[in-house]
$ cat query.pdb   # PDB, C-alpha atoms and all ligand atoms
ATOM      1  CA  MET A   1      66.482 104.667  89.989  1.00  0.00           C
ATOM      2  CA  GLU A   2      69.241 102.395  91.203  1.00  0.00           C
ATOM      3  CA  SER A   3      70.419 102.859  94.740  1.00  0.00           C
ATOM      4  CA  SER A   4      73.906 104.267  95.124  1.00  0.00           C
ATOM      5  CA  LYS A   5      74.313 101.655  97.876  1.00  0.00           C
ATOM      6  CA  GLN A   6      74.749  99.033  95.206  1.00  0.00           C
ATOM      7  CA  PHE A   7      77.877 100.729  93.947  1.00  0.00           C
ATOM      8  CA  GLY A   8      79.306 102.194  97.115  1.00  0.00           C
ATOM      9  CA  ALA A   9      81.319 100.740  99.949  1.00  0.00           C
ATOM     10  CA  HIS A  10      80.173 100.930 103.546  1.00  0.00           C
ATOM     11  CA  LYS A  11      82.521 102.689 105.902  1.00  0.00           C
ATOM     12  CA  ILE A  12      82.668 101.130 109.344  1.00  0.00           C
ATOM     13  CA  LYS A  13      84.431 102.801 112.242  1.00  0.00           C
ATOM     14  CA  ILE A  14      86.025 100.726 114.983  1.00  0.00           C
ATOM     15  CA  VAL A  15      88.193 101.795 117.913  1.00  0.00           C
ATOM     16  CA  ILE A  16      91.068 100.071 119.689  1.00  0.00           C
ATOM     17  CA  ILE A  17      91.325 100.639 123.441  1.00  0.00           C
ATOM     18  CA  GLY A  18      93.153  99.211 126.434  1.00  0.00           C
ATOM     19  CA  ALA A  19      96.008  99.943 128.832  1.00  0.00           C
ATOM     20  CA  PRO A  20      99.303 101.446 127.605  1.00  0.00           C
ATOM     21  CA  THR A  21     101.797  99.060 125.904  1.00  0.00           C
ATOM     22  CA  VAL A  22      99.397  96.143 125.437  1.00  0.00           C
ATOM     23  CA  GLY A  23     100.038  96.310 121.685  1.00  0.00           C
ATOM     24  CA  LYS A  24      97.137  98.382 120.312  1.00  0.00           C
ATOM     25  CA  SER A  25      99.253 100.259 117.753  1.00  0.00           C
ATOM     26  CA  SER A  26     101.127  97.082 116.897  1.00  0.00           C
ATOM     27  CA  LEU A  27      97.897  95.239 116.100  1.00  0.00           C
ATOM     28  CA  MET A  28      96.816  98.069 113.825  1.00  0.00           C
ATOM     29  CA  LYS A  29     100.216  98.208 112.151  1.00  0.00           C
ATOM     30  CA  ARG A  30     100.296  94.446 111.669  1.00  0.00           C
ATOM     31  CA  PHE A  31      96.851  94.505 110.087  1.00  0.00           C
ATOM     32  CA  CYS A  32      97.334  97.590 107.908  1.00  0.00           C
ATOM     33  CA  ASP A  33     100.978  97.222 106.893  1.00  0.00           C
ATOM     34  CA  GLY A  34     101.759  93.574 107.656  1.00  0.00           C
ATOM     35  CA  THR A  35     104.752  94.642 109.742  1.00  0.00           C
ATOM     36  CA  PHE A  36     105.865  94.687 113.375  1.00  0.00           C
ATOM     37  CA  THR A  37     108.309  97.020 115.150  1.00  0.00           C
ATOM     38  CA  PHE A  38     109.747  96.249 118.558  1.00  0.00           C
ATOM     39  CA  SER A  39     109.179  99.684 119.990  1.00  0.00           C
ATOM     40  CA  ILE A  40     106.362 101.752 118.621  1.00  0.00           C
ATOM     41  CA  GLY A  41     105.908 104.129 121.543  1.00  0.00           C
ATOM     42  CA  PRO A  42     102.910 106.269 122.401  1.00  0.00           C
ATOM     43  CA  THR A  43     104.231 109.330 120.563  1.00  0.00           C
ATOM     44  CA  ILE A  44     103.756 107.617 117.217  1.00  0.00           C
ATOM     45  CA  GLY A  45     100.231 106.557 117.951  1.00  0.00           C
ATOM     46  CA  LEU A  46      98.836 105.818 114.562  1.00  0.00           C
ATOM     47  CA  ALA A  47      95.674 107.848 115.037  1.00  0.00           C
ATOM     48  CA  GLU A  48      93.381 106.682 112.282  1.00  0.00           C
ATOM     49  CA  ARG A  49      93.677 104.459 109.244  1.00  0.00           C
ATOM     50  CA  THR A  50      91.214 103.257 106.662  1.00  0.00           C
ATOM     51  CA  ILE A  51      91.612  99.923 104.990  1.00  0.00           C
ATOM     52  CA  ASN A  52      89.637  98.304 102.226  1.00  0.00           C
ATOM     53  CA  ILE A  53      88.465  94.776 103.000  1.00  0.00           C
ATOM     54  CA  ARG A  54      85.999  92.458 101.325  1.00  0.00           C
ATOM     55  CA  ILE A  55      83.200  90.754 103.216  1.00  0.00           C
ATOM     56  CA  HIS A  56      80.767  88.452 101.424  1.00  0.00           C
ATOM     57  CA  ASP A  57      81.651  90.074  98.091  1.00  0.00           C
ATOM     58  CA  LYS A  58      81.102  93.576  99.447  1.00  0.00           C
ATOM     59  CA  ASP A  59      83.755  96.281  99.578  1.00  0.00           C
ATOM     60  CA  ILE A  60      84.023  97.602 103.101  1.00  0.00           C
ATOM     61  CA  LEU A  61      86.103 100.535 104.248  1.00  0.00           C
ATOM     62  CA  LEU A  62      87.251  99.740 107.735  1.00  0.00           C
ATOM     63  CA  ASN A  63      88.128 102.954 109.567  1.00  0.00           C
ATOM     64  CA  ILE A  64      90.300 102.020 112.560  1.00  0.00           C
ATOM     65  CA  TRP A  65      91.050 104.467 115.372  1.00  0.00           C
ATOM     66  CA  ASP A  66      94.096 103.990 117.548  1.00  0.00           C
ATOM     67  CA  THR A  67      94.908 106.000 120.663  1.00  0.00           C
ATOM     68  CA  ALA A  68      97.890 108.323 120.447  1.00  0.00           C
ATOM     69  CA  GLY A  69      99.084 108.068 124.023  1.00  0.00           C
ATOM     70  CA  GLN A  70      96.012 109.573 125.702  1.00  0.00           C
ATOM     71  CA  GLU A  71      95.323 106.178 127.290  1.00  0.00           C
ATOM     72  CA  ASN A  72      98.275 106.895 129.606  1.00  0.00           C
ATOM     73  CA  PHE A  73      96.130 109.565 131.232  1.00  0.00           C
ATOM     74  CA  ARG A  74      92.801 107.810 130.749  1.00  0.00           C
ATOM     75  CA  VAL A  75      91.373 110.749 128.912  1.00  0.00           C
ATOM     76  CA  VAL A  76      89.992 109.242 125.753  1.00  0.00           C
ATOM     77  CA  ASN A  77      87.352 111.752 124.752  1.00  0.00           C
ATOM     78  CA  LYS A  78      83.897 111.309 123.295  1.00  0.00           C
ATOM     79  CA  LEU A  79      85.048 112.184 119.789  1.00  0.00           C
ATOM     80  CA  TYR A  80      87.192 109.068 119.781  1.00  0.00           C
ATOM     81  CA  TYR A  81      84.102 106.916 120.252  1.00  0.00           C
ATOM     82  CA  LYS A  82      81.750 108.954 118.060  1.00  0.00           C
ATOM     83  CA  ASN A  83      79.869 106.870 115.493  1.00  0.00           C
ATOM     84  CA  THR A  84      81.862 103.766 116.238  1.00  0.00           C
ATOM     85  CA  SER A  85      80.244 100.433 115.482  1.00  0.00           C
ATOM     86  CA  GLY A  86      82.653  98.232 117.368  1.00  0.00           C
ATOM     87  CA  ALA A  87      85.616  98.128 119.702  1.00  0.00           C
ATOM     88  CA  ILE A  88      88.705  96.015 120.170  1.00  0.00           C
ATOM     89  CA  ILE A  89      89.595  95.970 123.858  1.00  0.00           C
ATOM     90  CA  VAL A  90      93.130  94.739 124.313  1.00  0.00           C
ATOM     91  CA  PHE A  91      95.048  93.354 127.273  1.00  0.00           C
ATOM     92  CA  ASP A  92      98.524  91.841 127.449  1.00  0.00           C
ATOM     93  CA  VAL A  93      98.446  88.159 128.453  1.00  0.00           C
ATOM     94  CA  THR A  94     101.742  88.700 130.307  1.00  0.00           C
ATOM     95  CA  LYS A  95     100.476  91.649 132.414  1.00  0.00           C
ATOM     96  CA  ARG A  96      97.871  91.210 135.120  1.00  0.00           C
ATOM     97  CA  GLU A  97      97.430  95.012 135.495  1.00  0.00           C
ATOM     98  CA  SER A  98      96.334  95.299 131.894  1.00  0.00           C
ATOM     99  CA  PHE A  99      93.674  92.650 132.552  1.00  0.00           C
ATOM    100  CA  ASN A 100      92.557  94.413 135.735  1.00  0.00           C
ATOM    101  CA  ASP A 101      92.214  97.635 133.734  1.00  0.00           C
ATOM    102  CA  LEU A 102      89.591  96.079 131.466  1.00  0.00           C
ATOM    103  CA  ASP A 103      86.713  97.081 133.766  1.00  0.00           C
ATOM    104  CA  TRP A 104      87.719 100.720 133.453  1.00  0.00           C
ATOM    105  CA  TRP A 105      87.925 100.513 129.660  1.00  0.00           C
ATOM    106  CA  ILE A 106      84.584  98.804 129.360  1.00  0.00           C
ATOM    107  CA  LYS A 107      82.977 101.482 131.519  1.00  0.00           C
ATOM    108  CA  ASP A 108      84.590 104.199 129.405  1.00  0.00           C
ATOM    109  CA  LEU A 109      83.225 102.545 126.292  1.00  0.00           C
ATOM    110  CA  THR A 110      79.739 102.093 127.763  1.00  0.00           C
ATOM    111  CA  ASP A 111      79.627 105.691 129.013  1.00  0.00           C
ATOM    112  CA  ASN A 112      80.880 107.314 125.826  1.00  0.00           C
ATOM    113  CA  ALA A 113      80.230 105.128 122.790  1.00  0.00           C
ATOM    114  CA  PRO A 114      76.937 104.490 120.997  1.00  0.00           C
ATOM    115  CA  PRO A 115      74.903 101.517 122.304  1.00  0.00           C
ATOM    116  CA  ASN A 116      74.807  98.030 120.775  1.00  0.00           C
ATOM    117  CA  LEU A 117      78.419  97.833 119.752  1.00  0.00           C
ATOM    118  CA  LYS A 118      80.115  94.676 118.552  1.00  0.00           C
ATOM    119  CA  ASN A 119      83.154  94.193 120.733  1.00  0.00           C
ATOM    120  CA  PHE A 120      86.139  91.886 120.807  1.00  0.00           C
ATOM    121  CA  LEU A 121      88.238  91.219 123.864  1.00  0.00           C
ATOM    122  CA  VAL A 122      91.790  90.503 122.757  1.00  0.00           C
ATOM    123  CA  GLY A 123      94.606  88.894 124.717  1.00  0.00           C
ATOM    124  CA  ASN A 124      97.732  90.013 122.854  1.00  0.00           C
ATOM    125  CA  LYS A 125     101.409  88.918 123.004  1.00  0.00           C
ATOM    126  CA  ILE A 126     100.723  85.188 123.037  1.00  0.00           C
ATOM    127  CA  ASP A 127     104.145  84.660 121.459  1.00  0.00           C
ATOM    128  CA  LEU A 128     105.539  85.313 124.961  1.00  0.00           C
ATOM    129  CA  ALA A 129     104.198  81.931 126.083  1.00  0.00           C
ATOM    130  CA  ASP A 130     106.681  81.455 128.949  1.00  0.00           C
ATOM    131  CA  GLN A 131     105.670  84.828 130.448  1.00  0.00           C
ATOM    132  CA  ARG A 132     101.938  84.297 130.204  1.00  0.00           C
ATOM    133  CA  ILE A 133      99.971  85.185 133.341  1.00  0.00           C
ATOM    134  CA  ILE A 134      96.373  85.264 132.123  1.00  0.00           C
ATOM    135  CA  PRO A 135      95.118  81.836 131.052  1.00  0.00           C
ATOM    136  CA  THR A 136      92.886  81.560 127.991  1.00  0.00           C
ATOM    137  CA  LYS A 137      89.968  80.398 130.138  1.00  0.00           C
ATOM    138  CA  GLU A 138      90.097  83.563 132.269  1.00  0.00           C
ATOM    139  CA  GLY A 139      89.985  85.740 129.165  1.00  0.00           C
ATOM    140  CA  GLN A 140      87.134  83.709 127.699  1.00  0.00           C
ATOM    141  CA  ASN A 141      85.095  83.908 130.908  1.00  0.00           C
ATOM    142  CA  PHE A 142      85.581  87.657 131.174  1.00  0.00           C
ATOM    143  CA  ALA A 143      84.499  88.131 127.551  1.00  0.00           C
ATOM    144  CA  LYS A 144      81.443  85.967 128.059  1.00  0.00           C
ATOM    145  CA  ARG A 145      80.362  87.945 131.123  1.00  0.00           C
ATOM    146  CA  HIS A 146      80.557  91.161 129.104  1.00  0.00           C
ATOM    147  CA  ASP A 147      78.937  89.783 125.976  1.00  0.00           C
ATOM    148  CA  MET A 148      82.044  90.082 123.823  1.00  0.00           C
ATOM    149  CA  GLU A 149      83.838  87.794 121.420  1.00  0.00           C
ATOM    150  CA  TYR A 150      87.274  86.613 122.560  1.00  0.00           C
ATOM    151  CA  LEU A 151      90.455  86.128 120.577  1.00  0.00           C
ATOM    152  CA  GLU A 152      94.147  85.778 121.406  1.00  0.00           C
ATOM    153  CA  THR A 153      96.693  87.377 119.114  1.00  0.00           C
ATOM    154  CA  SER A 154     100.334  88.088 118.549  1.00  0.00           C
ATOM    155  CA  ALA A 155     100.984  91.330 116.703  1.00  0.00           C
ATOM    156  CA  LYS A 156     104.611  90.198 116.556  1.00  0.00           C
ATOM    157  CA  GLU A 157     103.945  86.893 114.791  1.00  0.00           C
ATOM    158  CA  GLY A 158     100.742  88.025 113.120  1.00  0.00           C
ATOM    159  CA  THR A 159      98.701  85.284 114.823  1.00  0.00           C
ATOM    160  CA  ASP A 160      94.961  85.828 114.272  1.00  0.00           C
ATOM    161  CA  VAL A 161      95.333  89.570 113.670  1.00  0.00           C
ATOM    162  CA  GLU A 162      93.670  89.475 110.274  1.00  0.00           C
ATOM    163  CA  LYS A 163      90.938  87.215 111.648  1.00  0.00           C
ATOM    164  CA  LEU A 164      90.267  89.712 114.445  1.00  0.00           C
ATOM    165  CA  PHE A 165      89.540  92.669 112.162  1.00  0.00           C
ATOM    166  CA  GLN A 166      87.762  90.576 109.564  1.00  0.00           C
ATOM    167  CA  VAL A 167      85.416  88.820 111.997  1.00  0.00           C
ATOM    168  CA  LEU A 168      84.645  92.039 113.857  1.00  0.00           C
ATOM    169  CA  ALA A 169      83.694  93.745 110.589  1.00  0.00           C
ATOM    170  CA  GLU A 170      81.556  90.726 109.669  1.00  0.00           C
ATOM    171  CA  LYS A 171      79.738  90.814 113.006  1.00  0.00           C
ATOM    172  CA  ILE A 172      79.048  94.520 112.569  1.00  0.00           C
ATOM    173  CA  LEU A 173      77.636  93.986 109.103  1.00  0.00           C
ATOM    174  CA  GLU A 174      75.442  91.142 110.312  1.00  0.00           C
ATOM    175  CA  ASP A 175      73.903  93.332 112.984  1.00  0.00           C
ATOM    176  CA  LYS A 176      70.913  95.325 111.850  1.00  0.00           C
ATOM    177  CA  SER A 177      71.174  98.011 114.532  1.00  0.00           C
ATOM    178  CA  ALA A 178      74.845  98.575 113.717  1.00  0.00           C
ATOM    179  CA  LEU A 179      73.975  98.802 110.053  1.00  0.00           C
ATOM    180  CA  SER A 180      71.313 101.414 110.650  1.00  0.00           C
ATOM    181  CA  ARG A 181      73.960 103.480 112.436  1.00  0.00           C
ATOM    182  CA  LEU A 182      76.135 103.114 109.368  1.00  0.00           C
ATOM    183  CA  SER A 183      73.638 104.857 107.198  1.00  0.00           C
ATOM    184  CA  ARG A 184      72.913 107.559 109.796  1.00  0.00           C
ATOM    185  CA  GLY A 185      76.259 108.669 111.165  1.00  0.00           C
ATOM    186  CA  SER A 186      78.576 111.132 109.524  1.00  0.00           C
ATOM    187  CA  ASP A 187      81.252 108.457 109.516  1.00  0.00           C
ATOM    188  CA  ALA A 188      78.952 106.174 107.697  1.00  0.00           C
ATOM    189  CA  LEU A 189      79.126 107.514 104.212  1.00  0.00           C
ATOM    190  CA  LEU A 190      78.521 105.440 101.198  1.00  0.00           C
ATOM    191  CA  LEU A 191      81.716 105.836  99.283  1.00  0.00           C
ATOM    192  CA  GLN A 192      82.791 105.088  95.780  1.00  0.00           C
ATOM    193  CA  PRO A 193      83.980 101.520  95.223  1.00  0.00           C
ATOM    194  CA  GLN A 194      87.705 101.043  95.625  1.00  0.00           C
ATOM    195  CA  PRO A 195      89.721  99.507  92.801  1.00  0.00           C
ATOM    196  CA  LYS A 196      90.246  95.795  93.520  1.00  0.00           C
ATOM    197  CA  GLU A 197      94.041  96.053  93.520  1.00  0.00           C
ATOM    198  CA  LYS A 198      93.760  98.520  96.402  1.00  0.00           C
ATOM    199  CA  ALA A 199      92.179  95.884  98.590  1.00  0.00           C
ATOM    200  CA  LYS A 200      93.884  95.610 101.977  1.00  0.00           C
ATOM    201  CA  LYS A 201      95.812  98.827 101.648  1.00  0.00           C
ATOM    202  CA  CYS A 202      95.606 101.620 104.147  1.00  0.00           C
ATOM    203  CA  CYS A 203      95.160 105.139 102.959  1.00  0.00           C
TER
HETATM  204  N1  LIG B   1     106.404  90.073 122.036  1.00  0.00           N
HETATM  205  C1  LIG B   1     105.433  90.894 121.626  1.00  0.00           C
HETATM  206  N2  LIG B   1     105.585  92.238 121.779  1.00  0.00           N
HETATM  207  C2  LIG B   1     104.576  93.029 121.342  1.00  0.00           C
HETATM  208  C3  LIG B   1     103.396  92.532 120.734  1.00  0.00           C
HETATM  209  N3  LIG B   1     102.596  93.581 120.429  1.00  0.00           N
HETATM  210  C4  LIG B   1     103.252  94.681 120.811  1.00  0.00           C
HETATM  211  N4  LIG B   1     104.450  94.368 121.363  1.00  0.00           N
HETATM  212  C5  LIG B   1     105.441  95.302 121.904  1.00  0.00           C
HETATM  213  O1  LIG B   1     104.877  95.932 123.039  1.00  0.00           O
HETATM  214  C6  LIG B   1     105.281  97.302 123.095  1.00  0.00           C
HETATM  215  C7  LIG B   1     104.064  98.210 123.098  1.00  0.00           C
HETATM  216  O2  LIG B   1     103.401  98.080 121.845  1.00  0.00           O
HETATM  217  P1  LIG B   1     102.432  99.221 121.279  1.00  0.00           P
HETATM  218  O3  LIG B   1     101.813  98.693 120.035  1.00  0.00           O
HETATM  219  O4  LIG B   1     103.131 100.534 121.218  1.00  0.00           O
HETATM  220  O5  LIG B   1     101.345  99.252 122.467  1.00  0.00           O
HETATM  221  P2  LIG B   1     100.182 100.330 122.726  1.00  0.00           P
HETATM  222  O6  LIG B   1     100.715 101.303 123.734  1.00  0.00           O
HETATM  223  O7  LIG B   1      99.069  99.517 123.295  1.00  0.00           O
HETATM  224  O8  LIG B   1      99.845 100.959 121.416  1.00  0.00           O
HETATM  225  C8  LIG B   1     106.197  97.541 121.892  1.00  0.00           C
HETATM  226  O9  LIG B   1     107.532  97.372 122.322  1.00  0.00           O
HETATM  227  C9  LIG B   1     105.795  96.426 120.937  1.00  0.00           C
HETATM  228  O10 LIG B   1     106.843  96.087 120.072  1.00  0.00           O
HETATM  229  C10 LIG B   1     103.266  91.095 120.582  1.00  0.00           C
HETATM  230  O11 LIG B   1     102.289  90.552 120.072  1.00  0.00           O
HETATM  231  N5  LIG B   1     104.334  90.348 121.053  1.00  0.00           N
HETATM  232 MG    MG B   2      99.844 102.970 120.848  1.00  0.00          MG
END
$ encode --input "query.pdb" --output "structure tokens"
Amino acid sequence: MESSKQFGAHKIKIVIIGAPTVGKSSLMKRFCDGTFTFSIGPTIGLAERTINIRIHDKDILLNIWDTAGQENFRVVNKLYYKNTSGAIIVFDVTKRESFNDLDWWIKDLTDNAPPNLKNFLVGNKIDLADQRIIPTKEGQNFAKRHDMEYLETSAKEGTDVEKLFQVLAEKILEDKSALSRLSRGSDALLLQPQPKEKAKKCC
């Protein structure tokens, strides 16, 4: 009997966390819709989107969770992190406080998410070059200390946003322990293949 795995698409859950206004929703919107809005606001937190991407000829459903304003009160609950395979931890390169907040977010992730995640540290808003406070090297060093990948993005210009989601999904798929979680968790269903023309569309 042929395995249904051959015909299904893996669903991978990732979460986006970080201080308010660093651009979490904007990164998700840029990736899912290819657009940018100057004021998104916490009330229109995008909650959860699923997008079909292809990695090494495999259809992958990337399920992305965005906070809906609860980060203002630092009360992201366990459900948010449940069955996640990776996290994007965002700071704003023009705001020192958002960089200082990273320790809190990493602790929240470690305390509440499954172990062995693939994580990316992201310095967003690099289009605001003249307002930059956090140098690339500082971001890189922080990421290295916490065993994370590092990338700088602009949700406004679209710089490296696609790369961020794509590479994170690739790293998750490469990791055997993350993959075993995929086939165990309730978020890790093997789904029917998506039609090709639907690739890169949120549902
Ligand atoms: N210049 C610039 N502004 C951005 C960027 N990303 C987000 N913003 C703006 O920063 C504000 C907060 O963005 P939002 O995505 O709501 O942040 P969140 O609270 O982390 O979800 C909004 O006014 C966005 O338009 C970026 O890359 N560059
Ligand atoms: Mg938001």
$ atom_distance --input "query.pdb" --atom1 "atom C8 of ligand LIG 1 (chain B)" --atom2 "CA of Ser85 in chain A"
26.9 Å
$ closest_residue --input "query.pdb" --among "A:Asp127, A:Asp66, A:Asp59, A:Glu48" --to "Ile17 in chain A" --atoms "all atoms listed in the file"
A:Asp66
$ residues_near_ligand --input "query.pdb" --ligand "ligand LIG 1 (chain B)" --cutoff "6 Å" --atoms "all atoms listed in the file" --output "PyMOL selection string"
chain A and resi 20-26+37-42+124-125+127-128+154-156
$ write_last_selection --input "query.pdb" --atoms "C-alpha atoms" --output "CSV table (one decimal), in the frame of the given file"
chain,number,residue,atom,x,y,z
A,20,PRO,CA,99.3,101.4,127.6
A,21,THR,CA,101.8,99.1,125.9
A,22,VAL,CA,99.4,96.1,125.4
A,23,GLY,CA,100.0,96.3,121.7
A,24,LYS,CA,97.1,98.4,120.3
A,25,SER,CA,99.3,100.3,117.8
A,26,SER,CA,101.1,97.1,116.9
A,37,THR,CA,108.3,97.0,115.2
A,38,PHE,CA,109.7,96.2,118.6
A,39,SER,CA,109.2,99.7,120.0
A,40,ILE,CA,106.4,101.8,118.6
A,41,GLY,CA,105.9,104.1,121.5
A,42,PRO,CA,102.9,106.3,122.4
A,124,ASN,CA,97.7,90.0,122.9
A,125,LYS,CA,101.4,88.9,123.0
A,127,ASP,CA,104.1,84.7,121.5
A,128,LEU,CA,105.5,85.3,125.0
A,154,SER,CA,100.3,88.1,118.5
A,155,ALA,CA,101.0,91.3,116.7
A,156,LYS,CA,104.6,90.2,116.6
$ closest_residue --input "query.pdb" --among "A:Asp160, A:Asp101, A:Glu149, A:Asp92" --to "Arg74 in chain A" --atoms "only C-alpha atoms"
A:Asp101
$ atom_distance --input "query.pdb" --atom1 "CA of Asn116 in chain A" --atom2 "CA of Ile172 in chain A"
9.9 Å
$ residues_around --input "query.pdb" --residues "range 169-171 of chain A" --least-positions-apart "3" --cutoff "9 Å" --atoms "all atoms listed in the file" --output "PyMOL selection string"
chain A and resi 12+14+55-56+60+62+85-86+118+164-166+174-175
$ residues_around --input "query.pdb" --residues "Arg132 in chain A" --least-positions-apart "6" --cutoff "10 Å" --atoms "only C-alpha atoms" --output "MDAnalysis selection string"
chainID A and resid 92:96 125:126
$ write_last_selection --input "query.pdb" --atoms "C-alpha atoms" --output "short mmCIF file (atom, residue, chain, number, x, y, z; two decimals), in the coordinates of the input"
data_model
loop_
_atom_site.label_atom_id
_atom_site.label_comp_id
_atom_site.auth_asym_id
_atom_site.auth_seq_id
_atom_site.Cartn_x
_atom_site.Cartn_y
_atom_site.Cartn_z
CA ASP A 92 98.52 91.84 127.45
CA VAL A 93 98.45 88.16 128.45
CA THR A 94 101.74 88.70 130.31
CA LYS A 95 100.48 91.65 132.41
CA ARG A 96 97.87 91.21 135.12
CA LYS A 125 101.41 88.92 123.00
CA ILE A 126 100.72 85.19 123.04
#
$ resolve_selection --input "query.pdb" --expression "the PyMOL selection byres (((chain A and resi 121) around 10) and not hetatm)" --output "MDAnalysis selection string"
chainID A and resid 17:18 87:91 102 119:120 122:124 139:140 142:144 146:152 164
$ atom_distance --input "query.pdb" --atom1 "CA of Glu157 in chain A" --atom2 "atom MG of ligand MG 2 (chain B)"
17.7 Å
$ resolve_selection --input "query.pdb" --expression "the PyMOL selection byres (((chain A and resi 34) around 12) and not hetatm)" --output "list of chain:residue names"
A:Ser26, A:Leu27, A:Met28, A:Lys29, A:Arg30, A:Phe31, A:Cys32, A:Asp33, A:Thr35, A:Phe36, A:Thr37, A:Ala155, A:Lys156, A:Glu157, A:Gly158, A:Thr159, A:Val161, A:Glu162, A:Lys200, A:Lys201, A:Cys202
$ closest_residue --input "query.pdb" --among "A:Val76, A:Glu71, A:Arg49, A:Asn63" --to "ligand MG 2 (chain B)" --atoms "all atoms listed in the file"
A:Glu71
